[in-house]
Amino acid sequence: MRNAWFGVSVAIGVLALSMTTFEAQAPAAGAQPAARGGREGAAGDQGGARAGRAGRGGRGAAPAGPSKPTPRWPDGRVNLSQVPGVKGFWNVMTGSPIAPGGLSTNLTLDQIPFQDWARALYEYRRTRGGLDDPHARCQPAGGMRVFTVPNGLEIIDQPELNRIFIIGGENRDWRRIAMEPGRKHPSEDDLIPSYFGDSIGHWEGDTLVVDTVGYNEKFWFIRGGLPHTRFMHLTERFTRINFDTLRYEVTIDDKGAYTRPWSGGWDIPWQYTNYDGTPGGEIHEYFCIDNERDAVEFAGK
Amino acid sequence: MNVRALCLSSALLLAMVAPAVAHHSFAAEYDSNKPIKLTGAVTKVEWTNPHVYFYIDVRDEKTGKVTNWAMEMGAPAVIQRSGWKRTSMKIGDLLVVEGFQAKSGRPHGNARTVTLAATGQRLGAGSSFGNANEQQ
């Protein structure tokens, strides 16, 4: 009997944890075993291995059992977002491109091909405890970081207009992916360095491939502070491997900071509820700058 | 306390203090070597992003001096997951707060748990404390 009560207590604890922390509430049913969730808050660049199911009926979690199959539009193209009758969004804050987080193929920190100056800067940033992170001062989560911050994300496909929007709840950030066939990036002279760069996409089978250049150097593209330069070129691959799972893979090619391109990825689960766990499956407003009171404390050190 | 109660209370306490996320790392702003336990009455509540803040007047028992402390919690959506409602805390409510002081040394802290004195209800505050390797 005691064992039974112990089990019940642990189960309650796990469920309560899922209601308290972000990462525990929505790794998808049917998610690939290789994917180990982490989250920006939990472990910075490396992510953690703490993601788990919210349990049956847990807030935001996928229903128990295998995921439904990948949804498609009537023309057969993969649907990367909501389907009629099923609200929700991608709970993006669940992974890391660096082992032990994310995909089993991810590099460890030691394997990242830093240039010497980039490694030195990265190590310095670590000693500062995140104090210099622009996003801590509510600056935009540029580059791939939009996939590691909380408050959800949707991918809005408008094939008739040859464009896809990625809209994030965090600061209501949005990215525009140009899908016109044959589209080229502007020349370097015409590119205005920006937080999200200039993105061109195309489909390779069921995978959306997005090529982006034109980044500024004013953001950390991941929480731990991996350096990048204006030469950063990201190739992102989005594959909805089943209804509840979006596999995100990114190749970071930056001749200014790394000795060769390197890649990482993780699986992003579908969330069925609002971000606070209440029913709805809709992204709510979140503006970091609304009542930002941390910067004065940073300055006061 | 029997085994059942022990297990249940342990699980719930764990849930209360499980780390949550912030737009900044815990270490950037707060000092894990400066734990604080404050008792005071609420003077203001800001139910806003990126953090819910509440302010309490804390009286120094030795000097009688009253200091107004600003305490950070998680974002509204975070702490609503752990049982908070916007109306959980009202002006004048007496609280016992456990958390950590800012590195700045000012009366500013990161709340880990909040106990409502009137009811004894103890709630997690969405603290970012305890996020393993968050700087790496």
# chains A, B, ... in the order shown; residues from 1 in each chain; ligands from 1
call {"tool": "select_by_dssp", "arguments": {"residues": "segment 85-297 of chain A", "states": "strand (DSSP E)", "output": "ChimeraX atom specification"}}
result
/A:89-90,153-158,163-168,174-178,198-204,207-213,233-242,245-253,262-271
call {"tool": "residues_around", "arguments": {"residues": "Val42 of chain B", "least_positions_apart": "4", "cutoff": "8 Å", "atoms": "only C-alpha atoms", "output": "CSV table (one decimal) with N, CA and C atoms, in the first residue's frame"}}
result
chain,number,residue,atom,x,y,z
B,54,PHE,N,6.0,42.2,-7.0
B,54,PHE,CA,5.2,42.8,-5.9
B,54,PHE,C,6.2,43.5,-5.0
B,55,TYR,N,5.6,44.4,-4.2
B,55,TYR,CA,6.4,45.2,-3.3
B,55,TYR,C,5.9,45.0,-1.9
B,56,ILE,N,6.8,44.8,-1.0
B,56,ILE,CA,6.3,44.7,0.4
B,56,ILE,C,7.2,45.6,1.3
B,57,ASP,N,6.5,46.1,2.3
B,57,ASP,CA,7.2,46.8,3.4
B,57,ASP,C,7.7,45.9,4.5
B,89,MET,N,-3.0,38.0,-4.5
B,89,MET,CA,-2.3,38.9,-3.6
B,89,MET,C,-2.9,40.3,-3.7
B,90,LYS,N,-3.3,40.8,-2.6
B,90,LYS,CA,-3.9,42.2,-2.6
B,90,LYS,C,-3.1,43.1,-1.7
B,91,ILE,N,-3.3,44.4,-2.0
B,91,ILE,CA,-2.6,45.4,-1.2
B,91,ILE,C,-2.9,45.2,0.3
B,92,GLY,N,-1.9,45.2,1.1
B,92,GLY,CA,-2.1,45.0,2.5
B,92,GLY,C,-2.0,43.6,3.0
B,93,ASP,N,-2.0,42.6,2.1
B,93,ASP,CA,-1.9,41.2,2.5
B,93,ASP,C,-0.5,41.0,3.1
B,94,LEU,N,-0.4,40.3,4.2
B,94,LEU,CA,0.8,39.9,4.8
B,94,LEU,C,1.4,38.7,4.2
B,95,LEU,N,2.7,38.8,3.8
B,95,LEU,CA,3.3,37.6,3.1
B,95,LEU,C,4.6,37.2,3.8
call {"tool": "closest_residue", "arguments": {"among": "B:Gln80, B:Thr87, B:Thr39, B:Asn110", "to": "chain A", "atoms": "only C-alpha atoms"}}
result
B:Gln80
call {"tool": "closest_residue", "arguments": {"among": "B:Leu38, B:Val114, B:Val96, B:Ala28", "to": "chain A", "atoms": "only C-alpha atoms"}}
result
B:Ala28
call {"tool": "residues_around", "arguments": {"residues": "Ala75 of chain B", "least_positions_apart": "5", "cutoff": "8 Å", "atoms": "only C-alpha atoms", "output": "NGL selection string"}}
result
:B and (22 or 48-52 or 126)
call {"tool": "closest_residue", "arguments": {"among": "B:Met71, B:Val58, B:Ala41, B:Ile79", "to": "chain A", "atoms": "only C-alpha atoms"}}
result
B:Ile79
call {"tool": "closest_residue", "arguments": {"among": "A:Ser96, A:Arg260, A:Met144, A:Asp253", "to": "Thr108 of chain A", "atoms": "only C-alpha atoms"}}
result
A:Ser96
call {"tool": "residues_around", "arguments": {"residues": "segment 169-184 of chain A", "least_positions_apart": "5", "cutoff": "7 Å", "atoms": "only C-alpha atoms", "output": "count of residues only"}}
result
19
call {"tool": "atom_distance", "arguments": {"atom1": "atom CA of Gln111 of chain A", "atom2": "atom CA of Thr229 of chain A"}}
result
19.5 Å
